[in-house]
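So this one's my_file-v1.cif, mmCIF, N, CA and C atoms:
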```cif
data_entry
loop_
_atom_site.label_atom_id
_atom_site.label_comp_id
_atom_site.auth_asym_id
_atom_site.auth_seq_id
_atom_site.Cartn_x
_atom_site.Cartn_y
_atom_site.Cartn_z
N MET A 545 129.68 37.51 140.68
CA MET A 545 129.84 36.73 139.47
C MET A 545 128.94 35.50 139.53
N ALA A 546 128.15 35.31 138.51
CA ALA A 546 127.30 34.13 138.41
C ALA A 546 128.09 33.00 137.73
N ARG A 547 127.62 31.80 137.95
CA ARG A 547 128.24 30.62 137.32
C ARG A 547 127.17 29.83 136.61
N TRP A 548 127.60 29.15 135.56
CA TRP A 548 126.66 28.49 134.66
C TRP A 548 127.21 27.14 134.21
N LEU A 549 126.35 26.36 133.58
CA LEU A 549 126.75 25.15 132.85
C LEU A 549 126.17 25.31 131.46
N MET A 550 127.02 25.10 130.45
CA MET A 550 126.56 25.21 129.07
C MET A 550 126.97 23.93 128.34
N LYS A 551 126.03 23.42 127.55
CA LYS A 551 126.22 22.14 126.87
C LYS A 551 126.49 22.35 125.39
N SER A 552 127.39 21.54 124.87
CA SER A 552 127.66 21.52 123.45
C SER A 552 127.99 20.10 123.03
N GLU A 553 127.48 19.69 121.89
CA GLU A 553 127.83 18.38 121.35
C GLU A 553 129.25 18.49 120.79
N PRO A 554 130.16 17.64 121.27
CA PRO A 554 131.55 17.77 120.83
C PRO A 554 131.76 17.58 119.34
N VAL A 555 130.86 16.85 118.67
CA VAL A 555 131.00 16.71 117.22
C VAL A 555 130.67 18.01 116.50
N LYS A 556 129.88 18.88 117.16
CA LYS A 556 129.54 20.18 116.58
C LYS A 556 130.52 21.26 117.02
N TYR A 557 130.82 21.32 118.32
CA TYR A 557 131.77 22.30 118.84
C TYR A 557 132.25 21.81 120.20
N ALA A 558 133.47 21.33 120.24
CA ALA A 558 134.06 20.78 121.46
C ALA A 558 134.85 21.85 122.21
N PHE A 559 135.18 21.56 123.45
CA PHE A 559 136.01 22.48 124.23
C PHE A 559 137.34 22.73 123.53
N ALA A 560 137.90 21.69 122.92
CA ALA A 560 139.16 21.86 122.18
C ALA A 560 139.00 22.87 121.05
N ASP A 561 137.82 22.94 120.44
CA ASP A 561 137.57 23.93 119.39
C ASP A 561 137.61 25.34 119.97
N LEU A 562 137.04 25.50 121.16
CA LEU A 562 137.06 26.81 121.81
C LEU A 562 138.49 27.22 122.16
N VAL A 563 139.26 26.28 122.65
CA VAL A 563 140.67 26.57 122.97
C VAL A 563 141.40 26.98 121.68
N ARG A 564 141.18 26.25 120.61
CA ARG A 564 141.82 26.57 119.33
C ARG A 564 141.41 27.95 118.82
N ASP A 565 140.11 28.25 118.91
CA ASP A 565 139.58 29.50 118.36
C ASP A 565 139.84 30.71 119.26
N GLY A 566 139.99 30.47 120.54
CA GLY A 566 140.22 31.58 121.47
C GLY A 566 138.94 32.26 121.93
N ARG A 567 137.98 32.42 121.05
CA ARG A 567 136.67 33.01 121.34
C ARG A 567 135.68 32.50 120.32
N THR A 568 134.41 32.49 120.71
CA THR A 568 133.36 32.15 119.75
C THR A 568 132.04 32.70 120.25
N ASN A 569 131.09 32.80 119.35
CA ASN A 569 129.72 33.12 119.73
C ASN A 569 129.03 31.85 120.19
N TRP A 570 128.35 31.93 121.32
CA TRP A 570 127.52 30.81 121.78
C TRP A 570 126.13 31.13 121.27
N ASP A 571 125.83 30.59 120.10
CA ASP A 571 124.59 30.94 119.41
C ASP A 571 123.76 29.69 119.13
N GLY A 572 122.63 29.90 118.50
CA GLY A 572 121.77 28.78 118.14
C GLY A 572 120.85 28.30 119.25
N VAL A 573 120.84 28.96 120.38
CA VAL A 573 119.99 28.57 121.51
C VAL A 573 118.57 29.03 121.21
N ARG A 574 117.63 28.08 121.17
CA ARG A 574 116.26 28.42 120.79
C ARG A 574 115.23 28.05 121.86
N ASN A 575 115.68 27.82 123.06
CA ASN A 575 114.78 27.55 124.18
C ASN A 575 114.63 28.85 124.96
N ASN A 576 113.39 29.22 125.28
CA ASN A 576 113.14 30.50 125.95
C ASN A 576 113.83 30.61 127.30
N GLN A 577 113.79 29.55 128.11
CA GLN A 577 114.43 29.60 129.43
C GLN A 577 115.94 29.74 129.28
N ALA A 578 116.53 28.96 128.38
CA ALA A 578 117.97 29.05 128.16
C ALA A 578 118.35 30.44 127.65
N ALA A 579 117.52 31.01 126.79
CA ALA A 579 117.77 32.36 126.28
C ALA A 579 117.74 33.40 127.40
N LEU A 580 116.83 33.22 128.35
CA LEU A 580 116.79 34.13 129.51
C LEU A 580 118.08 34.03 130.32
N TYR A 581 118.60 32.82 130.46
CA TYR A 581 119.87 32.65 131.16
C TYR A 581 121.00 33.35 130.40
N LEU A 582 121.02 33.23 129.07
CA LEU A 582 122.04 33.93 128.28
C LEU A 582 121.94 35.44 128.49
N LYS A 583 120.72 35.96 128.53
CA LYS A 583 120.52 37.40 128.74
C LYS A 583 121.01 37.84 130.12
N ALA A 584 120.98 36.94 131.09
CA ALA A 584 121.39 37.28 132.45
C ALA A 584 122.91 37.25 132.64
N MET A 585 123.62 36.68 131.71
CA MET A 585 125.07 36.54 131.84
C MET A 585 125.78 37.88 131.74
N GLN A 586 126.82 38.00 132.54
CA GLN A 586 127.66 39.21 132.56
C GLN A 586 129.08 38.84 132.12
N VAL A 587 129.78 39.81 131.58
CA VAL A 587 131.18 39.59 131.22
C VAL A 587 131.94 39.13 132.46
N GLY A 588 132.70 38.07 132.31
CA GLY A 588 133.48 37.51 133.42
C GLY A 588 132.81 36.34 134.10
N ASP A 589 131.50 36.17 133.92
CA ASP A 589 130.84 34.97 134.46
C ASP A 589 131.52 33.74 133.88
N GLU A 590 131.72 32.74 134.72
CA GLU A 590 132.34 31.50 134.25
C GLU A 590 131.28 30.42 134.09
N PHE A 591 131.60 29.45 133.23
CA PHE A 591 130.69 28.32 133.06
C PHE A 591 131.44 27.02 132.87
N LEU A 592 130.78 25.95 133.29
CA LEU A 592 131.27 24.60 133.06
C LEU A 592 130.93 24.23 131.63
N PHE A 593 131.90 23.81 130.87
CA PHE A 593 131.69 23.41 129.48
C PHE A 593 131.43 21.91 129.49
N TYR A 594 130.19 21.55 129.16
CA TYR A 594 129.73 20.16 129.23
C TYR A 594 129.58 19.60 127.83
N HIS A 595 130.22 18.46 127.58
CA HIS A 595 130.06 17.75 126.31
C HIS A 595 128.81 16.88 126.40
N SER A 596 127.81 17.21 125.58
CA SER A 596 126.55 16.45 125.59
C SER A 596 126.53 15.44 124.46
N ASN A 597 125.62 14.49 124.57
CA ASN A 597 125.37 13.43 123.59
C ASN A 597 126.54 12.47 123.42
N GLU A 598 127.75 12.96 123.41
CA GLU A 598 128.93 12.12 123.26
C GLU A 598 129.95 12.61 124.28
N GLY A 599 130.39 11.72 125.14
CA GLY A 599 131.31 12.13 126.19
C GLY A 599 130.61 12.32 127.52
N LEU A 600 129.50 13.05 127.51
CA LEU A 600 128.67 13.27 128.70
C LEU A 600 129.51 13.62 129.93
N ALA A 601 130.23 14.73 129.81
CA ALA A 601 131.09 15.14 130.93
C ALA A 601 131.39 16.63 130.86
N VAL A 602 131.62 17.20 132.04
CA VAL A 602 132.17 18.55 132.12
C VAL A 602 133.65 18.40 131.85
N VAL A 603 134.15 19.13 130.85
CA VAL A 603 135.53 18.96 130.43
C VAL A 603 136.39 20.21 130.61
N GLY A 604 135.74 21.37 130.80
CA GLY A 604 136.52 22.58 130.92
C GLY A 604 135.74 23.72 131.55
N ILE A 605 136.45 24.81 131.75
CA ILE A 605 135.85 26.04 132.26
C ILE A 605 136.07 27.12 131.20
N ALA A 606 135.03 27.89 130.96
CA ALA A 606 135.10 29.01 130.02
C ALA A 606 134.44 30.21 130.68
N LYS A 607 134.52 31.35 130.01
CA LYS A 607 133.94 32.56 130.59
C LYS A 607 133.22 33.36 129.52
N VAL A 608 132.31 34.20 129.98
CA VAL A 608 131.58 35.10 129.10
C VAL A 608 132.50 36.28 128.77
N ALA A 609 132.73 36.52 127.48
CA ALA A 609 133.62 37.59 127.04
C ALA A 609 132.83 38.80 126.53
N LYS A 610 131.56 38.58 126.15
CA LYS A 610 130.71 39.67 125.68
C LYS A 610 129.27 39.32 126.05
N GLN A 611 128.58 40.30 126.64
CA GLN A 611 127.20 40.08 127.07
C GLN A 611 126.27 39.84 125.88
N ALA A 612 125.05 39.48 126.19
CA ALA A 612 124.06 39.08 125.19
C ALA A 612 123.89 40.12 124.09
N PHE A 613 123.77 39.61 122.88
CA PHE A 613 123.50 40.41 121.69
C PHE A 613 122.60 39.57 120.79
N ILE A 614 121.97 40.21 119.82
CA ILE A 614 121.07 39.48 118.92
C ILE A 614 121.86 38.36 118.23
N ASP A 615 121.31 37.16 118.29
CA ASP A 615 121.96 35.99 117.70
C ASP A 615 121.99 36.14 116.17
N PRO A 616 123.17 36.20 115.58
CA PRO A 616 123.24 36.36 114.14
C PRO A 616 122.70 35.17 113.35
N THR A 617 122.51 34.02 114.02
CA THR A 617 121.95 32.86 113.32
C THR A 617 120.43 32.81 113.40
N ASP A 618 119.81 33.79 114.05
CA ASP A 618 118.35 33.84 114.19
C ASP A 618 117.80 34.91 113.25
N PRO A 619 117.23 34.51 112.10
CA PRO A 619 116.74 35.49 111.13
C PRO A 619 115.63 36.38 111.70
N ALA A 620 114.90 35.88 112.69
CA ALA A 620 113.81 36.67 113.27
C ALA A 620 114.34 37.70 114.28
N GLY A 621 115.58 37.53 114.73
CA GLY A 621 116.15 38.47 115.70
C GLY A 621 115.52 38.37 117.07
N ARG A 622 114.97 37.21 117.38
CA ARG A 622 114.26 37.01 118.65
C ARG A 622 115.18 36.51 119.76
N TYR A 623 116.20 35.73 119.39
CA TYR A 623 117.06 35.10 120.39
C TYR A 623 118.42 35.80 120.47
N VAL A 624 119.13 35.51 121.55
CA VAL A 624 120.43 36.14 121.79
C VAL A 624 121.55 35.11 121.79
N ALA A 625 122.76 35.64 121.70
CA ALA A 625 123.98 34.86 121.83
C ALA A 625 124.89 35.60 122.79
N VAL A 626 125.92 34.94 123.28
CA VAL A 626 126.98 35.60 124.04
C VAL A 626 128.30 35.15 123.42
N GLU A 627 129.32 35.95 123.63
CA GLU A 627 130.66 35.55 123.18
C GLU A 627 131.37 34.93 124.36
N VAL A 628 132.05 33.81 124.12
CA VAL A 628 132.72 33.10 125.20
C VAL A 628 134.19 32.85 124.85
N ALA A 629 134.98 32.62 125.89
CA ALA A 629 136.40 32.34 125.74
C ALA A 629 136.80 31.24 126.72
N PRO A 630 137.80 30.44 126.38
CA PRO A 630 138.22 29.38 127.30
C PRO A 630 138.97 29.93 128.50
N VAL A 631 138.87 29.22 129.62
CA VAL A 631 139.68 29.52 130.80
C VAL A 631 140.72 28.41 130.95
N ARG A 632 140.24 27.16 131.11
CA ARG A 632 141.17 26.03 131.20
C ARG A 632 140.41 24.71 131.09
N GLU A 633 141.14 23.72 130.69
CA GLU A 633 140.63 22.35 130.68
C GLU A 633 140.69 21.82 132.10
N LEU A 634 139.72 20.99 132.47
CA LEU A 634 139.75 20.38 133.80
C LEU A 634 140.82 19.29 133.84
N LYS A 635 141.42 19.10 135.02
CA LYS A 635 142.41 18.03 135.20
C LYS A 635 141.80 16.69 134.82
N ASN A 636 140.60 16.47 135.31
CA ASN A 636 139.87 15.23 135.04
C ASN A 636 138.45 15.58 134.65
N PRO A 637 137.95 15.07 133.51
CA PRO A 637 136.55 15.31 133.17
C PRO A 637 135.64 14.77 134.27
N VAL A 638 134.52 15.43 134.47
CA VAL A 638 133.54 14.99 135.46
C VAL A 638 132.33 14.48 134.69
N THR A 639 132.11 13.18 134.76
CA THR A 639 131.07 12.56 133.96
C THR A 639 129.68 12.80 134.53
N LEU A 640 128.70 12.66 133.67
CA LEU A 640 127.31 12.75 134.08
C LEU A 640 127.03 11.72 135.18
N ALA A 641 127.55 10.51 135.03
CA ALA A 641 127.34 9.46 136.03
C ALA A 641 127.90 9.89 137.39
N GLN A 642 129.09 10.51 137.41
CA GLN A 642 129.67 10.99 138.67
C GLN A 642 128.79 12.06 139.29
N MET A 643 128.29 12.97 138.47
CA MET A 643 127.46 14.05 139.00
C MET A 643 126.15 13.52 139.54
N LYS A 644 125.53 12.57 138.82
CA LYS A 644 124.27 12.01 139.29
C LYS A 644 124.45 11.21 140.58
N ALA A 645 125.62 10.62 140.76
CA ALA A 645 125.88 9.80 141.95
C ALA A 645 126.25 10.65 143.17
N GLU A 646 126.50 11.93 142.96
CA GLU A 646 126.91 12.82 144.05
C GLU A 646 125.70 13.48 144.68
N PRO A 647 125.35 13.12 145.92
CA PRO A 647 124.16 13.69 146.57
C PRO A 647 124.16 15.22 146.65
N ARG A 648 125.34 15.81 146.77
CA ARG A 648 125.41 17.28 146.88
C ARG A 648 125.03 17.98 145.57
N LEU A 649 124.90 17.22 144.48
CA LEU A 649 124.53 17.81 143.20
C LEU A 649 123.09 17.45 142.79
N ALA A 650 122.36 16.82 143.68
CA ALA A 650 121.01 16.35 143.35
C ALA A 650 120.07 17.47 142.92
N GLY A 651 120.28 18.68 143.42
CA GLY A 651 119.39 19.78 143.09
C GLY A 651 119.82 20.62 141.90
N MET A 652 120.85 20.21 141.20
CA MET A 652 121.35 21.01 140.07
C MET A 652 120.25 21.28 139.04
N ALA A 653 120.24 22.50 138.54
CA ALA A 653 119.25 22.89 137.53
C ALA A 653 119.33 21.99 136.31
N MET A 654 120.52 21.54 135.95
CA MET A 654 120.64 20.69 134.76
C MET A 654 119.91 19.36 134.93
N PHE A 655 119.69 18.93 136.16
CA PHE A 655 118.96 17.69 136.40
C PHE A 655 117.45 17.93 136.45
N ARG A 656 117.04 19.14 136.80
CA ARG A 656 115.62 19.46 136.85
C ARG A 656 115.07 19.72 135.45
N GLN A 657 115.88 20.32 134.60
CA GLN A 657 115.48 20.61 133.21
C GLN A 657 116.62 20.14 132.31
N PHE A 658 116.71 18.82 132.14
CA PHE A 658 117.88 18.22 131.51
C PHE A 658 118.07 18.67 130.06
N ARG A 659 117.02 19.03 129.37
CA ARG A 659 117.14 19.38 127.96
C ARG A 659 117.66 20.80 127.73
N LEU A 660 117.77 21.59 128.79
CA LEU A 660 118.29 22.95 128.63
C LEU A 660 119.78 22.91 128.30
N SER A 661 120.20 23.74 127.37
CA SER A 661 121.61 23.80 127.00
C SER A 661 122.38 24.81 127.85
N VAL A 662 121.67 25.61 128.62
CA VAL A 662 122.27 26.61 129.51
C VAL A 662 121.53 26.56 130.83
N ALA A 663 122.28 26.46 131.94
CA ALA A 663 121.63 26.40 133.25
C ALA A 663 122.54 27.04 134.29
N PRO A 664 121.94 27.63 135.33
CA PRO A 664 122.75 28.20 136.41
C PRO A 664 123.36 27.11 137.28
N VAL A 665 124.47 27.45 137.92
CA VAL A 665 125.16 26.55 138.84
C VAL A 665 125.44 27.36 140.11
N THR A 666 125.11 26.81 141.27
CA THR A 666 125.39 27.49 142.53
C THR A 666 126.88 27.39 142.86
N ASP A 667 127.32 28.22 143.78
CA ASP A 667 128.73 28.17 144.20
C ASP A 667 129.06 26.81 144.82
N VAL A 668 128.14 26.26 145.59
CA VAL A 668 128.37 24.95 146.21
C VAL A 668 128.49 23.88 145.13
N GLU A 669 127.59 23.90 144.15
CA GLU A 669 127.66 22.92 143.06
C GLU A 669 128.96 23.06 142.29
N TRP A 670 129.37 24.30 142.03
CA TRP A 670 130.64 24.54 141.34
C TRP A 670 131.79 23.90 142.11
N ASP A 671 131.82 24.14 143.42
CA ASP A 671 132.90 23.60 144.24
C ASP A 671 132.92 22.08 144.24
N VAL A 672 131.75 21.47 144.24
CA VAL A 672 131.68 20.00 144.21
C VAL A 672 132.20 19.48 142.88
N VAL A 673 131.81 20.11 141.77
CA VAL A 673 132.31 19.67 140.47
C VAL A 673 133.83 19.83 140.41
N MET A 674 134.35 20.93 140.95
CA MET A 674 135.81 21.13 140.98
C MET A 674 136.49 20.06 141.82
N GLU A 675 135.87 19.69 142.92
CA GLU A 675 136.41 18.62 143.77
C GLU A 675 136.44 17.31 143.00
N LEU A 676 135.36 17.00 142.30
CA LEU A 676 135.31 15.76 141.51
C LEU A 676 136.34 15.76 140.38
N ALA A 677 136.67 16.95 139.89
CA ALA A 677 137.66 17.07 138.80
C ALA A 677 139.10 17.05 139.32
N GLY A 678 139.25 17.04 140.64
CA GLY A 678 140.59 17.06 141.22
C GLY A 678 141.23 18.43 141.19
N GLU A 679 140.39 19.47 141.15
CA GLU A 679 140.89 20.85 141.08
C GLU A 679 141.00 21.46 142.47
#
```

Rendering of file as structure tokens:
Amino acid sequence: MARWLMKSEPVKYAFADLVRDGRTNWDGVRNNQAALYLKAMQVGDEFLFYHSNEGLAVVGIAKVAKQAFIDPTDPAGRYVAVEVAPVRELKNPVTLAQMKAEPRLAGMAMFRQFRLSVAPVTDVEWDVVMELAGE
């Protein structure tokens, strides 16, 4: 099972919205590298749900419920989406400042390509974020 970090602006779609909806399409991704990551996702892969622009924190865990399919919001049919479902809210959100201050997270893909909305997370990085969340 691979692990990921996916970003969403909470004013557009927050983790609470995913919990309310039960499932949703993770669509609208128009970066080629991020799209490749979406294509690599398998059903059951988990991801850290990160609130970007406002909040700046990992707030929950979600999972891939359906593998990549043509993004219905892309009229050209070039990009993909995945269907996702919530797993659980974190006990304590893990802020961007906490993650940047943690030396064990210095190599995270999200810090190397900060503008990507989808990035892989190693098992060690996952464990550190869970530790910071009090999980």

Within 6 Å of stretch 578-595 of chain A, which residues of stretch 611-663 of chain A come that close, and what is the closest atom pair and distance in Å for each? Count only C-alpha atoms and give it as a tab-separated table.
```
residue	atom	partner	partner_atom	distance
A:Gln611	CA	A:Gln586	CA	5.6
A:Ala612	CA	A:Lys583	CA	5.3
A:Val662	CA	A:Ala578	CA	5.1
```

**Request:** Kindly resolve the PyMOL selection byres ((chain A and resi 665) around 6) on the present coordinates and return the residues as a ChimeraX atom specification.
**Result:** /A:547-549,663-664,666-667,669-670

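Across the chains present, the PyMOL selection byres ((chain A and resi 623) around 7) applied to this file returns Val573, Arg574, Ala579, Phe613, Ile614, Asp615, Pro616, Asp618, Ala620, Gly621, Arg622, Val624 and Ala625 of chain A.
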
Generate a file of the selected residues that holds N, CA and C atoms, formatted as a tab-separated table (two decimals), in the frame of the given file.
```
chain	number	residue	atom	x	y	z
A	573	VAL	N	120.84	28.96	120.38
A	573	VAL	CA	119.99	28.57	121.51
A	573	VAL	C	118.57	29.03	121.21
A	574	ARG	N	117.63	28.08	121.17
A	574	ARG	CA	116.26	28.42	120.79
A	574	ARG	C	115.23	28.05	121.86
A	579	ALA	N	117.52	31.01	126.79
A	579	ALA	CA	117.77	32.36	126.28
A	579	ALA	C	117.74	33.40	127.40
A	613	PHE	N	123.77	39.61	122.88
A	613	PHE	CA	123.50	40.41	121.69
A	613	PHE	C	122.60	39.57	120.79
A	614	ILE	N	121.97	40.21	119.82
A	614	ILE	CA	121.07	39.48	118.92
A	614	ILE	C	121.86	38.36	118.23
A	615	ASP	N	121.31	37.16	118.29
A	615	ASP	CA	121.96	35.99	117.70
A	615	ASP	C	121.99	36.14	116.17
A	616	PRO	N	123.17	36.20	115.58
A	616	PRO	CA	123.24	36.36	114.14
A	616	PRO	C	122.70	35.17	113.35
A	618	ASP	N	119.81	33.79	114.05
A	618	ASP	CA	118.35	33.84	114.19
A	618	ASP	C	117.80	34.91	113.25
A	620	ALA	N	114.90	35.88	112.69
A	620	ALA	CA	113.81	36.67	113.27
A	620	ALA	C	114.34	37.70	114.28
A	621	GLY	N	115.58	37.53	114.73
A	621	GLY	CA	116.15	38.47	115.70
A	621	GLY	C	115.52	38.37	117.07
A	622	ARG	N	114.97	37.21	117.38
A	622	ARG	CA	114.26	37.01	118.65
A	622	ARG	C	115.18	36.51	119.76
A	624	VAL	N	119.13	35.51	121.55
A	624	VAL	CA	120.43	36.14	121.79
A	624	VAL	C	121.55	35.11	121.79
A	625	ALA	N	122.76	35.64	121.70
A	625	ALA	CA	123.98	34.86	121.83
A	625	ALA	C	124.89	35.60	122.79
```

**Prompt:** So what does the PyMOL selection byres (((chain A and resi 627 and name CA) around 10) and name CA) actually pick up in this one, as a ChimeraX atom specification?
**Reply:** /A:567-571,587,607-613,625-626,628-629

**Secondary structure check, strand (DSSP E or B) residues of chain A, as number ranges by chain** = A: 547-552, 568-570, 590-595, 601-614, 624-639, 662-665
